Amino acid sequence: GNGAGPAIIQASYTRDGVGKNGSAALTVTEAAPVLTGLTVSPSTASVLVGNGYSFTATAAYSDGSTSDATHRASWSSGNPSVATVQDGAATGHNAGTTILNVSLSEGGVTKTASATLTVLADYITAITLSYPHYQIEVGQTMSPTVTATYASGNEKEVTAECSGWALSNEGVAGIDASGNVTGLAEGNVVVSCTHAGWNGARATFGIGVTSSSAPVPVAVYTSPGSATIAAGGTASF
């Protein structure tokens, strides 16, 4: 056939002066497009451990058309301990890099493609320093709490992992290696610390130190020291 459409096939036969004619109907259809290529999008991606990422496979054909082959193609991971993949949906398991291989077979033709997936360990994006109160009295001591926020959104207390505890005014308060702050004199002080997983940046918290809010009695006296009254009488002290 030269093109798609209906056609009539005719034939004739003559023998000994006798002729015969015949015909038949024929319908010519377009040839099915042939698979010519396969691509994966994106070609590279990264994901945190425990998270997922979706890839798309696209098939190309001889007639210039394309189609989504994500769920028709076969997917595999070059390193399943790093990440696994099914129907384009990859899941990160451990930090590292793996190649995701894709294969599609149609009409006796097979095409392959691949993508690179990097799996990243969760990492700290911020640390927050806090104390039970914003104000303490001279002689009082408070202990800190440091919370780390990770890229995954998870939070974790990391107080014991912090170091570099420091004060903006050592005359107002004292601090030990664990971040415990003790008020020494009236005034304001800023406490700060660092965490190795947060690029050396410092978390801070401001504390005000005040004198005792009420005097503490150390002795009690009466006046007068003694008195004499008649039976039934009264006396004021």
# chains A, B, ... in the order shown; residues from 1 in each chain; ligands from 1
$ residues_around --residues "A:Thr116" --least-positions-apart "3" --cutoff "9 Å" --atoms "only C-alpha atoms" --output "JSON, numbers by chain"
{"A": [42, 43, 44, 45, 46, 97, 98, 99, 100, 101]}
$ residues_around --residues "A:Gly174" --least-positions-apart "6" --cutoff "9 Å" --atoms "only C-alpha atoms" --output "mmCIF file with N, CA and C atoms, in the first residue's frame"
data_model
loop_
_atom_site.group_PDB
_atom_site.id
_atom_site.type_symbol
_atom_site.label_atom_id
_atom_site.label_comp_id
_atom_site.auth_asym_id
_atom_site.auth_seq_id
_atom_site.Cartn_x
_atom_site.Cartn_y
_atom_site.Cartn_z
ATOM 1 N N LEU A 167 29.005 33.407 77.945
ATOM 2 C CA LEU A 167 28.154 34.472 78.445
ATOM 3 C C LEU A 167 28.629 35.812 77.898
ATOM 4 N N ASN A 180 24.684 25.197 82.476
ATOM 5 C CA ASN A 180 23.927 25.624 83.650
ATOM 6 C C ASN A 180 24.341 27.045 84.031
ATOM 7 N N VAL A 181 23.377 27.934 84.191
ATOM 8 C CA VAL A 181 23.637 29.349 84.459
ATOM 9 C C VAL A 181 23.247 29.683 85.894
ATOM 10 N N THR A 182 24.126 30.415 86.582
ATOM 11 C CA THR A 182 23.868 30.847 87.957
ATOM 12 C C THR A 182 23.946 32.364 88.029
ATOM 13 N N GLY A 183 22.931 32.989 88.613
ATOM 14 C CA GLY A 183 22.916 34.438 88.741
ATOM 15 C C GLY A 183 23.918 34.909 89.784
ATOM 16 N N LEU A 184 24.727 35.950 89.418
ATOM 17 C CA LEU A 184 25.739 36.486 90.330
ATOM 18 C C LEU A 184 25.433 37.914 90.764
#
$ closest_residue --among "A:Thr58, A:Ser178, A:Thr128, A:Ser192" --to "A:Val40" --atoms "only C-alpha atoms"
A:Thr58
$ residues_around --residues "stretch 74-86 of chain A" --least-positions-apart "4" --cutoff "12 Å" --atoms "only C-alpha atoms" --output "ChimeraX atom specification"
/A:38,40,46-57,69-70,90-105,110-121
$ write_last_selection --atoms "N, CA and C atoms" --output "tab-separated table (two decimals), in the first residue's frame"
chain	number	residue	atom	x	y	z
A	38	LEU	N	13.45	6.27	24.68
A	38	LEU	CA	12.93	6.29	26.04
A	38	LEU	C	13.76	7.26	26.86
A	40	VAL	N	14.03	9.52	30.82
A	40	VAL	CA	13.59	9.60	32.21
A	40	VAL	C	13.76	11.04	32.67
A	46	SER	N	17.84	14.34	44.15
A	46	SER	CA	18.31	13.99	45.49
A	46	SER	C	17.14	13.94	46.44
A	47	VAL	N	17.28	13.12	47.49
A	47	VAL	CA	16.20	12.93	48.45
A	47	VAL	C	16.82	12.58	49.79
A	48	LEU	N	16.12	12.92	50.88
A	48	LEU	CA	16.60	12.58	52.21
A	48	LEU	C	16.30	11.12	52.52
A	49	VAL	N	17.12	10.53	53.38
A	49	VAL	CA	16.88	9.16	53.83
A	49	VAL	C	15.46	9.05	54.39
A	50	GLY	N	14.74	8.03	53.95
A	50	GLY	CA	13.38	7.81	54.41
A	50	GLY	C	12.32	8.50	53.59
A	51	ASN	N	12.71	9.37	52.67
A	51	ASN	CA	11.76	10.09	51.83
A	51	ASN	C	11.70	9.49	50.44
A	52	GLY	N	10.68	9.90	49.69
A	52	GLY	CA	10.49	9.38	48.34
A	52	GLY	C	10.64	10.45	47.27
A	53	TYR	N	10.82	9.99	46.03
A	53	TYR	CA	10.93	10.90	44.89
A	53	TYR	C	10.35	10.18	43.68
A	54	SER	N	9.56	10.89	42.86
A	54	SER	CA	8.91	10.28	41.70
A	54	SER	C	9.57	10.70	40.40
A	55	PHE	N	9.88	9.71	39.56
A	55	PHE	CA	10.44	9.93	38.23
A	55	PHE	C	9.38	9.60	37.18
A	56	THR	N	9.57	10.15	35.97
A	56	THR	CA	8.66	9.90	34.86
A	56	THR	C	9.42	9.35	33.67
A	57	ALA	N	8.90	8.27	33.07
A	57	ALA	CA	9.49	7.71	31.85
A	57	ALA	C	8.61	8.08	30.67
A	69	ALA	N	5.27	6.41	29.82
A	69	ALA	CA	5.53	4.98	29.97
A	69	ALA	C	5.95	4.62	31.39
A	70	THR	N	5.70	5.53	32.33
A	70	THR	CA	6.17	5.32	33.70
A	70	THR	C	5.70	3.99	34.27
A	90	ALA	N	10.74	6.26	43.76
A	90	ALA	CA	11.96	5.83	44.46
A	90	ALA	C	11.88	6.18	45.93
A	91	THR	N	12.48	5.33	46.77
A	91	THR	CA	12.53	5.58	48.22
A	91	THR	C	13.97	5.46	48.69
A	92	GLY	N	14.46	6.52	49.39
A	92	GLY	CA	15.83	6.50	49.90
A	92	GLY	C	15.93	5.71	51.19
A	93	HIS	N	16.96	4.85	51.28
A	93	HIS	CA	17.15	4.02	52.47
A	93	HIS	C	18.42	4.38	53.24
A	94	ASN	N	19.49	4.64	52.53
A	94	ASN	CA	20.76	4.97	53.16
A	94	ASN	C	21.48	6.01	52.31
A	95	ALA	N	22.33	6.82	52.96
A	95	ALA	CA	23.06	7.85	52.22
A	95	ALA	C	23.94	7.21	51.15
A	96	GLY	N	23.94	7.82	49.96
A	96	GLY	CA	24.75	7.31	48.86
A	96	GLY	C	24.12	7.68	47.53
A	97	THR	N	24.65	7.12	46.46
A	97	THR	CA	24.15	7.40	45.11
A	97	THR	C	23.87	6.09	44.38
A	98	THR	N	22.79	6.05	43.63
A	98	THR	CA	22.45	4.87	42.86
A	98	THR	C	21.94	5.27	41.48
A	99	ILE	N	22.08	4.37	40.53
A	99	ILE	CA	21.56	4.57	39.17
A	99	ILE	C	20.24	3.82	39.07
A	100	LEU	N	19.20	4.53	38.64
A	100	LEU	CA	17.90	3.91	38.40
A	100	LEU	C	17.80	3.56	36.92
A	101	ASN	N	17.65	2.27	36.63
A	101	ASN	CA	17.59	1.79	35.26
A	101	ASN	C	16.15	1.53	34.83
A	102	VAL	N	15.83	1.95	33.59
A	102	VAL	CA	14.47	1.81	33.07
A	102	VAL	C	14.54	1.11	31.71
A	103	SER	N	13.60	0.17	31.48
A	103	SER	CA	13.56	-0.57	30.23
A	103	SER	C	12.12	-0.69	29.75
A	104	LEU	N	11.92	-0.51	28.43
A	104	LEU	CA	10.59	-0.63	27.83
A	104	LEU	C	10.69	-1.44	26.54
A	105	SER	N	9.87	-2.49	26.42
A	105	SER	CA	9.84	-3.33	25.22
A	105	SER	C	8.45	-3.29	24.60
A	110	THR	N	13.23	-2.81	22.07
A	110	THR	CA	13.51	-2.50	23.48
A	110	THR	C	14.37	-1.25	23.57
A	111	LYS	N	13.97	-0.34	24.43
A	111	LYS	CA	14.74	0.87	24.68
A	111	LYS	C	15.00	0.99	26.19
A	112	THR	N	16.16	1.59	26.52
A	112	THR	CA	16.53	1.75	27.93
A	112	THR	C	16.91	3.20	28.22
A	113	ALA	N	16.85	3.54	29.48
A	113	ALA	CA	17.25	4.87	29.94
A	113	ALA	C	17.63	4.75	31.40
A	114	SER	N	18.18	5.83	31.96
A	114	SER	CA	18.59	5.78	33.38
A	114	SER	C	18.54	7.18	33.99
A	115	ALA	N	18.54	7.22	35.32
A	115	ALA	CA	18.59	8.47	36.07
A	115	ALA	C	19.45	8.23	37.30
A	116	THR	N	20.01	9.31	37.83
A	116	THR	CA	20.87	9.21	39.02
A	116	THR	C	20.14	9.79	40.23
A	117	LEU	N	20.09	9.01	41.30
A	117	LEU	CA	19.45	9.46	42.54
A	117	LEU	C	20.47	9.48	43.67
A	118	THR	N	20.60	10.63	44.31
A	118	THR	CA	21.49	10.77	45.47
A	118	THR	C	20.63	10.84	46.73
A	119	VAL	N	20.95	9.98	47.69
A	119	VAL	CA	20.22	9.94	48.95
A	119	VAL	C	21.08	10.61	50.03
A	120	LEU	N	20.52	11.61	50.68
A	120	LEU	CA	21.25	12.40	51.67
A	120	LEU	C	20.80	12.04	53.08
A	121	ALA	N	21.76	11.99	54.00
A	121	ALA	CA	21.43	11.82	55.41
A	121	ALA	C	20.74	13.08	55.91
$ closest_residue --among "A:Gly153, A:Gly107, A:Gly179, A:Gly88" --to "A:Tyr131" --atoms "only C-alpha atoms"
A:Gly179
$ atom_distance --atom1 "atom CA of A:Ile175" --atom2 "atom CA of A:Tyr150"
27.5 Å
$ select_by_dssp --residues "stretch 2-234 of chain A" --states "strand (DSSP E or B)" --output "number ranges by chain"
A: 5-15, 18-28, 35-41, 44-48, 52-54, 56-61, 66-68, 74-77, 83-86, 89-92, 96-106, 109-120, 124-130, 135-137, 141-142, 145-150, 155-157, 162-167, 173-175, 181-183, 187-195, 202-210
$ residues_around --residues "A:Trp198" --least-positions-apart "6" --cutoff "9 Å" --atoms "only C-alpha atoms" --output "ChimeraX atom specification"
/A:123-127,148
$ atom_distance --atom1 "atom CA of A:Ser212" --atom2 "atom CA of A:Glu137"
5.7 Å
